[in-house]
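Here's upload.csv, which has CSV, C-alpha atoms and all ligand atoms:
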chain,number,residue,atom,x,y,z
A,639,MET,CA,-7.1,-110.1,-236.1
A,640,SER,CA,-7.8,-109.5,-232.5
A,641,ARG,CA,-6.5,-106.3,-231.0
A,642,GLN,CA,-3.1,-106.7,-229.4
A,643,LYS,CA,0.2,-104.9,-229.0
A,644,ILE,CA,2.3,-105.2,-232.1
A,645,VAL,CA,5.7,-104.0,-233.1
A,646,ALA,CA,6.7,-104.7,-236.7
A,647,GLY,CA,10.1,-104.0,-238.3
A,648,ASN,CA,10.0,-103.2,-242.0
A,649,TRP,CA,13.6,-103.4,-243.1
A,650,LYS,CA,12.8,-102.2,-246.6
A,651,MET,CA,15.8,-102.7,-249.0
A,652,ASN,CA,18.6,-102.8,-246.4
A,653,LYS,CA,21.3,-105.2,-245.0
A,654,SER,CA,23.4,-108.1,-246.4
A,655,LEU,CA,22.5,-111.6,-245.4
A,656,LYS,CA,25.3,-111.7,-242.8
A,657,ASP,CA,24.1,-108.4,-241.3
A,658,ALA,CA,20.5,-109.6,-241.4
A,659,LYS,CA,21.3,-112.7,-239.4
A,660,SER,CA,23.3,-110.7,-236.8
A,661,LEU,CA,20.5,-108.2,-236.5
A,662,VAL,CA,17.9,-110.9,-235.7
A,663,GLU,CA,20.2,-112.6,-233.2
A,664,MET,CA,20.8,-109.2,-231.5
A,665,ILE,CA,17.0,-108.5,-231.4
A,666,LEU,CA,16.3,-112.0,-229.9
A,667,SER,CA,19.0,-111.7,-227.2
A,668,ASN,CA,17.9,-108.2,-226.2
A,669,THR,CA,14.1,-108.7,-226.1
A,670,LYS,CA,12.3,-110.2,-223.0
A,671,ASP,CA,9.3,-112.4,-223.5
A,672,SER,CA,6.1,-110.3,-223.3
A,673,ASP,CA,2.6,-110.0,-224.6
A,674,VAL,CA,3.9,-107.8,-227.5
A,675,LEU,CA,3.6,-109.6,-230.9
A,676,LYS,CA,6.8,-108.9,-232.8
A,677,ILE,CA,7.0,-109.1,-236.6
A,678,ILE,CA,10.3,-109.1,-238.5
A,679,ILE,CA,9.9,-108.0,-242.1
A,680,PRO,CA,13.2,-108.5,-244.0
A,681,PRO,CA,13.8,-108.4,-247.8
A,682,PHE,CA,12.7,-111.5,-249.7
A,683,PRO,CA,16.1,-113.3,-249.9
A,684,TYR,CA,16.4,-113.3,-246.1
A,685,LEU,CA,13.0,-114.6,-245.3
A,686,GLU,CA,14.0,-118.3,-244.9
A,687,PRO,CA,17.3,-117.7,-243.0
A,688,VAL,CA,15.5,-115.2,-240.7
A,689,LYS,CA,12.7,-117.7,-240.2
A,690,GLN,CA,15.3,-120.3,-239.1
A,691,ILE,CA,16.7,-118.0,-236.4
A,692,LEU,CA,13.2,-116.9,-235.2
A,693,SER,CA,11.5,-120.3,-235.1
A,694,ALA,CA,12.7,-121.2,-231.7
A,695,ARG,CA,11.4,-118.0,-230.1
A,696,LYS,CA,7.8,-117.4,-228.9
A,697,GLY,CA,6.2,-114.2,-229.8
A,698,PHE,CA,8.2,-113.5,-233.0
A,699,TYR,CA,6.7,-113.8,-236.5
A,700,LEU,CA,7.9,-113.4,-240.0
A,701,GLY,CA,6.5,-110.9,-242.5
A,702,ALA,CA,7.1,-109.9,-246.2
A,703,GLN,CA,7.2,-106.5,-247.7
A,704,ASN,CA,5.0,-107.2,-250.7
A,705,CYS,CA,3.4,-110.0,-252.8
A,706,HIS,CA,2.1,-110.3,-256.3
A,707,THR,CA,-1.6,-110.3,-257.4
A,708,ASN,CA,-1.3,-113.8,-258.9
A,709,THR,CA,-0.6,-117.2,-257.3
A,710,SER,CA,2.0,-118.3,-259.9
A,711,GLY,CA,3.0,-117.9,-263.5
A,712,ALA,CA,5.2,-115.9,-265.9
A,713,PHE,CA,5.8,-112.8,-263.8
A,714,THR,CA,9.6,-112.4,-263.9
A,715,GLY,CA,10.9,-110.9,-260.7
A,716,GLU,CA,7.8,-111.3,-258.6
A,717,VAL,CA,6.9,-113.3,-255.5
A,718,SER,CA,3.5,-114.7,-254.7
A,719,ALA,CA,1.7,-115.1,-251.4
A,720,ASN,CA,1.8,-118.8,-252.1
A,721,MET,CA,5.6,-118.7,-252.0
A,722,LEU,CA,5.6,-116.6,-248.9
A,723,GLN,CA,3.4,-119.1,-247.2
A,724,SER,CA,5.8,-121.9,-248.2
A,725,VAL,CA,8.7,-120.2,-246.4
A,726,GLY,CA,6.7,-119.6,-243.2
A,727,CYS,CA,5.5,-116.0,-243.7
A,728,GLN,CA,2.6,-115.0,-241.5
A,729,TYR,CA,2.2,-111.4,-242.5
A,730,VAL,CA,2.6,-109.2,-245.6
A,731,ILE,CA,2.7,-105.4,-246.0
A,732,ILE,CA,0.2,-104.2,-248.6
A,733,GLY,CA,-0.3,-100.6,-249.7
A,734,HIS,CA,2.9,-99.1,-248.3
A,735,SER,CA,3.3,-95.5,-249.5
A,736,GLU,CA,6.6,-96.5,-251.2
A,737,ARG,CA,4.6,-99.0,-253.3
A,738,ARG,CA,2.0,-96.4,-254.0
A,739,ASN,CA,4.5,-93.7,-255.0
A,740,TYR,CA,7.4,-95.5,-256.7
A,741,PHE,CA,5.6,-98.5,-258.2
A,742,LYS,CA,2.3,-96.7,-258.9
A,743,GLU,CA,0.2,-99.4,-257.1
A,744,LYS,CA,-3.4,-98.7,-256.7
A,745,SER,CA,-6.4,-99.9,-254.6
A,746,THR,CA,-7.3,-102.4,-257.4
A,747,ASP,CA,-3.8,-104.0,-257.0
A,748,PHE,CA,-4.1,-104.0,-253.2
A,749,VAL,CA,-7.5,-105.8,-253.3
A,750,LEU,CA,-6.0,-108.6,-255.4
A,751,LYS,CA,-2.9,-108.8,-253.3
A,752,ILE,CA,-4.9,-109.0,-250.0
A,753,ARG,CA,-7.1,-111.7,-251.5
A,754,GLU,CA,-4.0,-113.7,-252.4
A,755,ALA,CA,-2.6,-113.2,-248.9
A,756,LEU,CA,-5.8,-114.2,-247.1
A,757,LYS,CA,-6.2,-117.2,-249.4
A,758,HIS,CA,-2.7,-118.4,-248.2
A,759,ASP,CA,-3.4,-117.7,-244.5
A,760,ILE,CA,-1.2,-114.6,-244.5
A,761,ILE,CA,-2.4,-111.6,-242.5
A,762,PRO,CA,-2.3,-108.3,-244.5
A,763,ILE,CA,-0.8,-105.2,-242.9
A,764,TYR,CA,-2.7,-102.7,-244.9
A,765,CYS,CA,-1.0,-99.2,-244.9
A,766,ILE,CA,-2.7,-95.9,-245.4
A,767,GLY,CA,-1.5,-92.3,-245.0
A,768,GLU,CA,-1.8,-88.8,-246.4
A,769,THR,CA,1.0,-86.6,-247.9
A,770,LEU,CA,2.1,-83.3,-246.4
A,771,GLU,CA,0.3,-81.4,-249.1
A,772,GLU,CA,-3.0,-83.3,-248.4
A,773,ARG,CA,-2.7,-82.5,-244.7
A,774,LYS,CA,-1.9,-78.9,-245.2
A,775,ASN,CA,-4.9,-78.5,-247.4
A,776,GLY,CA,-7.1,-80.2,-244.9
A,777,TYR,CA,-7.8,-83.3,-247.0
A,778,HIS,CA,-6.2,-85.9,-244.6
A,779,PHE,CA,-9.4,-87.3,-243.3
A,780,SER,CA,-10.9,-87.7,-246.8
A,781,VAL,CA,-7.7,-89.3,-248.2
A,782,ILE,CA,-7.7,-91.8,-245.4
A,783,THR,CA,-11.4,-92.5,-245.8
A,784,GLU,CA,-10.9,-93.1,-249.5
A,785,GLN,CA,-7.8,-95.4,-249.0
A,786,LEU,CA,-9.8,-97.4,-246.5
A,787,THR,CA,-13.2,-97.6,-248.1
A,788,SER,CA,-11.8,-98.5,-251.5
A,789,ILE,CA,-10.5,-101.7,-249.9
A,790,LEU,CA,-13.3,-102.3,-247.3
A,791,SER,CA,-16.0,-102.3,-250.0
A,792,GLU,CA,-14.2,-105.5,-251.5
A,793,PHE,CA,-14.1,-107.5,-248.2
A,794,LYS,CA,-16.7,-109.0,-246.0
A,795,LEU,CA,-16.5,-108.5,-242.3
A,796,GLU,CA,-15.1,-112.1,-241.8
A,797,ASP,CA,-12.2,-111.3,-244.1
A,798,PHE,CA,-11.6,-107.8,-242.7
A,799,SER,CA,-11.5,-109.3,-239.2
A,800,ARG,CA,-8.1,-110.8,-240.2
A,801,PHE,CA,-6.5,-107.4,-241.2
A,802,VAL,CA,-3.9,-105.3,-239.4
A,803,LEU,CA,-4.0,-101.6,-240.3
A,804,ALA,CA,-1.0,-99.2,-240.3
A,805,TYR,CA,-1.4,-95.4,-240.3
A,806,GLU,CA,1.7,-94.1,-241.9
A,807,PRO,CA,1.6,-90.4,-242.8
A,808,VAL,CA,3.8,-90.0,-245.8
A,809,TRP,CA,5.4,-86.8,-244.4
A,810,ALA,CA,6.6,-88.7,-241.4
A,811,ILE,CA,8.2,-91.7,-243.2
A,812,GLY,CA,12.0,-91.5,-243.1
A,813,THR,CA,12.0,-87.8,-242.5
A,814,GLY,CA,12.6,-87.7,-238.7
A,815,GLU,CA,9.4,-85.7,-238.4
A,816,THR,CA,7.0,-87.9,-236.3
A,817,ALA,CA,3.3,-87.3,-236.0
A,818,THR,CA,2.6,-85.9,-232.5
A,819,ALA,CA,0.8,-88.3,-230.1
A,820,ALA,CA,-2.3,-86.1,-230.5
A,821,GLN,CA,-2.1,-86.3,-234.3
A,822,ALA,CA,-1.7,-90.0,-234.3
A,823,GLN,CA,-4.5,-90.5,-231.7
A,824,GLU,CA,-6.8,-88.3,-233.7
A,825,MET,CA,-6.3,-90.2,-236.9
A,826,HIS,CA,-6.4,-93.7,-235.3
A,827,ALA,CA,-9.7,-92.8,-233.6
A,828,PHE,CA,-11.0,-91.5,-237.0
A,829,ILE,CA,-10.0,-94.8,-238.7
A,830,ARG,CA,-12.0,-96.7,-236.0
A,831,SER,CA,-15.0,-94.4,-236.7
A,832,VAL,CA,-14.7,-95.3,-240.4
A,833,LEU,CA,-14.6,-99.0,-239.6
A,834,CYS,CA,-17.6,-98.6,-237.3
A,835,ASP,CA,-19.6,-96.9,-240.0
A,836,PHE,CA,-18.6,-99.4,-242.6
A,837,TYR,CA,-18.9,-102.6,-240.5
A,838,ASP,CA,-19.7,-102.3,-236.8
A,839,SER,CA,-18.4,-101.1,-233.5
A,840,ALA,CA,-17.0,-104.6,-232.6
A,841,ILE,CA,-14.7,-104.7,-235.6
A,842,ALA,CA,-13.8,-101.0,-235.1
A,843,GLY,CA,-12.7,-101.8,-231.5
A,844,ASN,CA,-10.9,-105.1,-232.4
A,845,THR,CA,-8.8,-104.1,-235.3
A,846,PRO,CA,-5.1,-103.5,-234.5
A,847,ILE,CA,-4.0,-100.2,-235.9
A,848,LEU,CA,-0.2,-99.5,-235.9
A,849,TYR,CA,1.5,-96.1,-236.2
A,850,GLY,CA,4.4,-95.7,-238.7
A,851,GLY,CA,6.6,-92.8,-239.6
A,852,SER,CA,9.9,-91.9,-237.8
A,853,CYS,CA,8.8,-93.8,-234.7
A,854,ASN,CA,11.9,-94.3,-232.6
A,855,ALA,CA,13.3,-95.3,-229.2
A,856,GLN,CA,12.6,-91.8,-227.9
A,857,ASN,CA,9.0,-91.2,-229.0
A,858,ALA,CA,7.5,-94.8,-229.1
A,859,ARG,CA,6.3,-94.7,-225.5
A,860,GLU,CA,4.3,-91.6,-225.9
A,861,LEU,CA,2.7,-92.8,-229.2
A,862,PHE,CA,1.9,-96.3,-227.8
A,863,GLN,CA,0.2,-94.7,-224.8
A,864,CYS,CA,-2.5,-93.3,-227.1
A,865,PRO,CA,-5.7,-95.3,-226.5
A,866,ASP,CA,-6.2,-96.1,-230.2
A,867,VAL,CA,-2.6,-96.8,-231.1
A,868,ASP,CA,-1.8,-100.5,-230.8
A,869,GLY,CA,1.9,-100.4,-231.7
A,870,GLY,CA,4.2,-99.4,-234.5
A,871,LEU,CA,5.4,-100.3,-238.0
A,872,ILE,CA,9.0,-99.3,-237.8
A,873,GLY,CA,11.4,-98.5,-240.6
A,874,GLY,CA,14.8,-97.0,-239.9
A,875,ALA,CA,14.7,-97.8,-236.1
A,876,SER,CA,14.1,-101.5,-236.8
A,877,LEU,CA,17.6,-101.8,-238.2
A,878,ASN,CA,19.4,-101.5,-234.9
A,879,GLU,CA,19.1,-101.9,-231.1
A,880,ASP,CA,16.5,-99.1,-231.0
A,881,PHE,CA,14.0,-101.8,-232.2
A,882,CYS,CA,14.4,-103.6,-228.8
A,883,THR,CA,13.7,-100.4,-226.9
A,884,ILE,CA,10.6,-99.8,-229.0
A,885,ILE,CA,9.3,-103.3,-228.3
A,886,GLY,CA,9.7,-102.5,-224.6
A,887,SER,CA,7.8,-99.1,-224.9
A,888,PHE,CA,4.3,-100.1,-224.0
B,901,LIG,P1,10.6,-94.9,-240.8
B,901,LIG,O1,10.3,-95.5,-239.5
B,901,LIG,O2,11.9,-95.1,-241.3
B,901,LIG,O3,10.0,-93.5,-240.9
B,901,LIG,O4,9.7,-95.8,-241.8
B,901,LIG,C1,8.3,-96.1,-241.5
B,901,LIG,C2,7.8,-97.0,-242.5
B,901,LIG,O5,7.7,-96.7,-243.7
B,901,LIG,C3,7.5,-98.4,-242.0
B,901,LIG,O6,6.8,-99.1,-243.0

What is this structure when it is put down as structure tokens?
Ligand code: 13P
Amino acid sequence: MSRQKIVAGNWKMNKSLKDAKSLVEMILSNTKDSDVLKIIIPPFPYLEPVKQILSARKGFYLGAQNCHTNTSGAFTGEVSANMLQSVGCQYVIIGHSERRNYFKEKSTDFVLKIREALKHDIIPIYCIGETLEERKNGYHFSVITEQLTSILSEFKLEDFSRFVLAYEPVWAIGTGETATAAQAQEMHAFIRSVLCDFYDSAIAGNTPILYGGSCNAQNARELFQCPDVDGGLIGGASLNEDFCTIIGSF
């Protein structure tokens, strides 16, 4: 995907249908048209109703929080990229640390899921991030390199050019402890250097890389000013009016 400003709201497992509809309506009425690409990522049951509300508005897109590795079949409780496409989803989060930790998903799963997403014209938002322990022990760069290259080795440049990346340090997710702008910039620049070594400098410069982890209405501007940070993947602060402030923080 070409490099652009992006703010994506990952609602995780929150809201009732009624609250979901009110939240989207509030976001639409409090957001001015701009060059920021906005992605709303609600739980599966709300995708279609949220799509209905978003469809009239320029600059807003629909995303899903996960997809299965297969296109269809006997996988009780699962949702395929094929289904997501049929309800108008344009993005899907893959590799979120909550999927890695709680559901024990691995790179081999992410590769299959990303292939399914791309096959159905859905852009993967591939998440990477180190734990606090890994950072404290000085392994953060090697962890990020591994999480990236295990995926990159499976995709040709043409396919990777459709990706969005999100750097989400696990220690910052839902903790209120944000990476400093300097820490975010350092890691985003490092990610571009990995992309440059693996593919080339054009793809390194063109890939949108979002920051995620306790990004909020107060710290978004400083983070988004970093030259290698293209926007945010927002959890908690995407569930209220702070999301609109974050969208306006470039
Ligand atoms: P928080 O913004 O709640 O820390 O969550 C970030 C995240 O996990 C987005 O995917």

Note to self: Could you check which residues have any atom within 8 Å of (-1.5, -114.2, -246.0), counting only C-alpha atoms with coordinates taken straight from the file, and then list them as a PyMOL selection string?
What the structure shows: chain A and resi 719+723+727-730+752+754-762

For the selection just defined, write its residues with C-alpha atoms to a file, as an mmCIF file, keeping the file's coordinate frame.
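See selection-v3.cif below for the written result:
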data_model
loop_
_atom_site.group_PDB
_atom_site.id
_atom_site.type_symbol
_atom_site.label_atom_id
_atom_site.label_comp_id
_atom_site.auth_asym_id
_atom_site.auth_seq_id
_atom_site.Cartn_x
_atom_site.Cartn_y
_atom_site.Cartn_z
ATOM 1 C CA ALA A 719 1.700 -115.100 -251.400
ATOM 2 C CA GLN A 723 3.400 -119.100 -247.200
ATOM 3 C CA CYS A 727 5.500 -116.000 -243.700
ATOM 4 C CA GLN A 728 2.600 -115.000 -241.500
ATOM 5 C CA TYR A 729 2.200 -111.400 -242.500
ATOM 6 C CA VAL A 730 2.600 -109.200 -245.600
ATOM 7 C CA ILE A 752 -4.900 -109.000 -250.000
ATOM 8 C CA GLU A 754 -4.000 -113.700 -252.400
ATOM 9 C CA ALA A 755 -2.600 -113.200 -248.900
ATOM 10 C CA LEU A 756 -5.800 -114.200 -247.100
ATOM 11 C CA LYS A 757 -6.200 -117.200 -249.400
ATOM 12 C CA HIS A 758 -2.700 -118.400 -248.200
ATOM 13 C CA ASP A 759 -3.400 -117.700 -244.500
ATOM 14 C CA ILE A 760 -1.200 -114.600 -244.500
ATOM 15 C CA ILE A 761 -2.400 -111.600 -242.500
ATOM 16 C CA PRO A 762 -2.300 -108.300 -244.500
#

Check: What does the distance from atom CA of Leu861 of chain A to atom CA of Asn652 of chain A come to in Å, to one decimal?
Finding: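 These two atoms are separated by 25.5 Å.
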
Check: Between A:Leu848, A:Ala817, A:Cys765, A:Ile885, which has the minimum distance to Arg641 of chain A (counting only C-alpha atoms)?
Finding: A:Leu848

Check: Nearest to Phe836 of chain A: which of A:Leu655, A:Ala646, A:Ile678, A:Leu790 is it, counting all atoms listed in the file?
Finding: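 Nearest to Phe836 of chain A: A:Leu790.
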
Checklist line | Separation of atom CA of Leu877 of chain A from atom CA of Arg773 of chain A, in Å and rounded to one decimal | finding: 28.8 Å

Notebook entry, point to check: What do you get as a VMD selection string if you pick all residues at most 8 Å from ligand LIG 901 (chain B), counting all atoms listed in the file?
Noted result: chain A and resid 647 to 650 734 to 736 806 810 to 814 816 850 to 854 871 to 876

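The coordinates place atom CA of Arg859 of chain A at 16.0 Å from atom CA of Glu815 of chain A.
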
Item checked: Contact residues around segment 862-869 of chain A with only C-alpha atoms at 6 Å, ignoring same-chain residues under 4 positions, as a list in words ->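 Answer for this query is Lys643, Ile644, Val645, Gln823, His826, Ala827, Pro846, Ile847, Leu848, Ala858 and Phe888 of chain A.
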
Next item on the list: Would you mind telling me which residue in A:Lys696, A:Val725, A:Lys744, A:Gln690 lies nearest to Asp673 of chain A when using only C-alpha atoms?
Entry: A:Lys696

Next item on the list: Pick out the residues sitting within 9 Å of Thr746 of chain A, and hand them over as number ranges by chain; count all atoms listed in the file, and ignore anything fewer than 3 positions along from it in its own chain.
Entry: A: 743, 749-751, 788-789

Next item on the list: For each of A:Asn708, A:Asn878, A:Gln821, A:Thr845, take the minimum atom-to-atom distance to Leu661 of chain A, counting all atoms listed in the file, then give the residue where this is smallest.
Entry: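 Nearest candidate to Leu661 of chain A out of A:Asn708, A:Asn878, A:Gln821, A:Thr845: A:Asn878.
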
Item checked: Nearest candidate to Met639 of chain A (options A:Leu675, A:Val781, A:Thr769, A:Gly776; using all atoms listed in the file) ->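 Closest to Met639 of chain A of all the choices is A:Leu675.
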
Check: Smallest atom-to-atom distance to Glu796 of chain A: which of A:Ala819, A:Tyr837, A:Phe741, A:Gln856, using only C-alpha atoms?
Finding: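 The closest residue to Glu796 of chain A is A:Tyr837.
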
Margin query: Report as a ChimeraX atom specification all protein, DNA and RNA residues lying within 12 Å of Glu771 of chain A, evaluated on only C-alpha atoms, omitting residues in the same chain fewer than 4 positions from it.
Written below: /A:767,775-778,781,807-809

For segment 677-704 of chain A, supply N, CA and C atoms and format the output as a PDB file, in the coordinates of the input.
ATOM      1  N   ILE A 677       6.988-108.650-235.205  1.00  0.00           N
ATOM      2  CA  ILE A 677       7.000-109.100-236.600  1.00  0.00           C
ATOM      3  C   ILE A 677       8.305-108.587-237.255  1.00  0.00           C
ATOM      4  N   ILE A 678       9.108-109.495-237.791  1.00  0.00           N
ATOM      5  CA  ILE A 678      10.300-109.100-238.500  1.00  0.00           C
ATOM      6  C   ILE A 678      10.018-109.190-240.006  1.00  0.00           C
ATOM      7  N   ILE A 679      10.270-108.093-240.725  1.00  0.00           N
ATOM      8  CA  ILE A 679       9.900-108.000-242.100  1.00  0.00           C
ATOM      9  C   ILE A 679      11.127-107.715-242.992  1.00  0.00           C
ATOM     10  N   PRO A 680      11.945-108.740-243.278  1.00  0.00           N
ATOM     11  CA  PRO A 680      13.200-108.500-244.000  1.00  0.00           C
ATOM     12  C   PRO A 680      12.905-108.557-245.546  1.00  0.00           C
ATOM     13  N   PRO A 681      13.908-108.220-246.360  1.00  0.00           N
ATOM     14  CA  PRO A 681      13.800-108.400-247.800  1.00  0.00           C
ATOM     15  C   PRO A 681      13.572-109.889-248.162  1.00  0.00           C
ATOM     16  N   PHE A 682      12.993-110.158-249.321  1.00  0.00           N
ATOM     17  CA  PHE A 682      12.700-111.500-249.700  1.00  0.00           C
ATOM     18  C   PHE A 682      13.801-112.554-249.534  1.00  0.00           C
ATOM     19  N   PRO A 683      15.048-112.248-249.990  1.00  0.00           N
ATOM     20  CA  PRO A 683      16.100-113.300-249.900  1.00  0.00           C
ATOM     21  C   PRO A 683      16.413-113.748-248.508  1.00  0.00           C
ATOM     22  N   TYR A 684      16.040-112.943-247.513  1.00  0.00           N
ATOM     23  CA  TYR A 684      16.400-113.300-246.100  1.00  0.00           C
ATOM     24  C   TYR A 684      15.272-113.917-245.342  1.00  0.00           C
ATOM     25  N   LEU A 685      14.127-114.104-246.001  1.00  0.00           N
ATOM     26  CA  LEU A 685      13.000-114.600-245.300  1.00  0.00           C
ATOM     27  C   LEU A 685      13.275-115.976-244.616  1.00  0.00           C
ATOM     28  N   GLU A 686      13.761-116.895-245.430  1.00  0.00           N
ATOM     29  CA  GLU A 686      14.000-118.300-244.900  1.00  0.00           C
ATOM     30  C   GLU A 686      15.075-118.280-243.842  1.00  0.00           C
ATOM     31  N   PRO A 687      16.266-117.679-244.087  1.00  0.00           N
ATOM     32  CA  PRO A 687      17.300-117.700-243.000  1.00  0.00           C
ATOM     33  C   PRO A 687      16.808-116.961-241.743  1.00  0.00           C
ATOM     34  N   VAL A 688      16.046-115.889-241.884  1.00  0.00           N
ATOM     35  CA  VAL A 688      15.500-115.200-240.700  1.00  0.00           C
ATOM     36  C   VAL A 688      14.539-116.092-239.968  1.00  0.00           C
ATOM     37  N   LYS A 689      13.704-116.769-240.743  1.00  0.00           N
ATOM     38  CA  LYS A 689      12.700-117.700-240.200  1.00  0.00           C
ATOM     39  C   LYS A 689      13.436-118.762-239.311  1.00  0.00           C
ATOM     40  N   GLN A 690      14.525-119.285-239.847  1.00  0.00           N
ATOM     41  CA  GLN A 690      15.300-120.300-239.100  1.00  0.00           C
ATOM     42  C   GLN A 690      15.713-119.812-237.746  1.00  0.00           C
ATOM     43  N   ILE A 691      16.175-118.567-237.701  1.00  0.00           N
ATOM     44  CA  ILE A 691      16.700-118.000-236.400  1.00  0.00           C
ATOM     45  C   ILE A 691      15.473-117.721-235.491  1.00  0.00           C
ATOM     46  N   LEU A 692      14.364-117.250-236.069  1.00  0.00           N
ATOM     47  CA  LEU A 692      13.200-116.900-235.200  1.00  0.00           C
ATOM     48  C   LEU A 692      12.441-118.063-234.700  1.00  0.00           C
ATOM     49  N   SER A 693      12.519-119.193-235.395  1.00  0.00           N
ATOM     50  CA  SER A 693      11.500-120.300-235.100  1.00  0.00           C
ATOM     51  C   SER A 693      11.547-120.781-233.720  1.00  0.00           C
ATOM     52  N   ALA A 694      12.675-120.679-233.049  1.00  0.00           N
ATOM     53  CA  ALA A 694      12.700-121.200-231.700  1.00  0.00           C
ATOM     54  C   ALA A 694      12.103-120.264-230.663  1.00  0.00           C
ATOM     55  N   ARG A 695      11.775-119.067-231.079  1.00  0.00           N
ATOM     56  CA  ARG A 695      11.400-118.000-230.100  1.00  0.00           C
ATOM     57  C   ARG A 695       9.911-117.692-230.143  1.00  0.00           C
ATOM     58  N   LYS A 696       9.277-117.750-228.981  1.00  0.00           N
ATOM     59  CA  LYS A 696       7.800-117.400-228.900  1.00  0.00           C
ATOM     60  C   LYS A 696       7.629-115.911-229.090  1.00  0.00           C
ATOM     61  N   GLY A 697       6.526-115.576-229.729  1.00  0.00           N
ATOM     62  CA  GLY A 697       6.200-114.200-229.800  1.00  0.00           C
ATOM     63  C   GLY A 697       6.744-113.443-231.034  1.00  0.00           C
ATOM     64  N   PHE A 698       7.601-114.125-231.809  1.00  0.00           N
ATOM     65  CA  PHE A 698       8.200-113.500-233.000  1.00  0.00           C
ATOM     66  C   PHE A 698       7.594-114.124-234.265  1.00  0.00           C
ATOM     67  N   TYR A 699       7.283-113.294-235.228  1.00  0.00           N
ATOM     68  CA  TYR A 699       6.700-113.800-236.500  1.00  0.00           C
ATOM     69  C   TYR A 699       7.410-113.161-237.666  1.00  0.00           C
ATOM     70  N   LEU A 700       7.179-113.792-238.827  1.00  0.00           N
ATOM     71  CA  LEU A 700       7.900-113.400-240.000  1.00  0.00           C
ATOM     72  C   LEU A 700       6.885-112.695-241.000  1.00  0.00           C
ATOM     73  N   GLY A 701       7.323-111.589-241.578  1.00  0.00           N
ATOM     74  CA  GLY A 701       6.500-110.900-242.500  1.00  0.00           C
ATOM     75  C   GLY A 701       7.261-110.593-243.819  1.00  0.00           C
ATOM     76  N   ALA A 702       6.518-110.327-244.904  1.00  0.00           N
ATOM     77  CA  ALA A 702       7.100-109.900-246.200  1.00  0.00           C
ATOM     78  C   ALA A 702       6.684-108.512-246.511  1.00  0.00           C
ATOM     79  N   GLN A 703       7.435-107.874-247.405  1.00  0.00           N
ATOM     80  CA  GLN A 703       7.200-106.500-247.700  1.00  0.00           C
ATOM     81  C   GLN A 703       6.204-106.267-248.868  1.00  0.00           C
ATOM     82  N   ASN A 704       5.873-107.374-249.555  1.00  0.00           N
ATOM     83  CA  ASN A 704       5.000-107.200-250.700  1.00  0.00           C
ATOM     84  C   ASN A 704       4.644-108.641-251.202  1.00  0.00           C
TER      85      ASN A 704
END
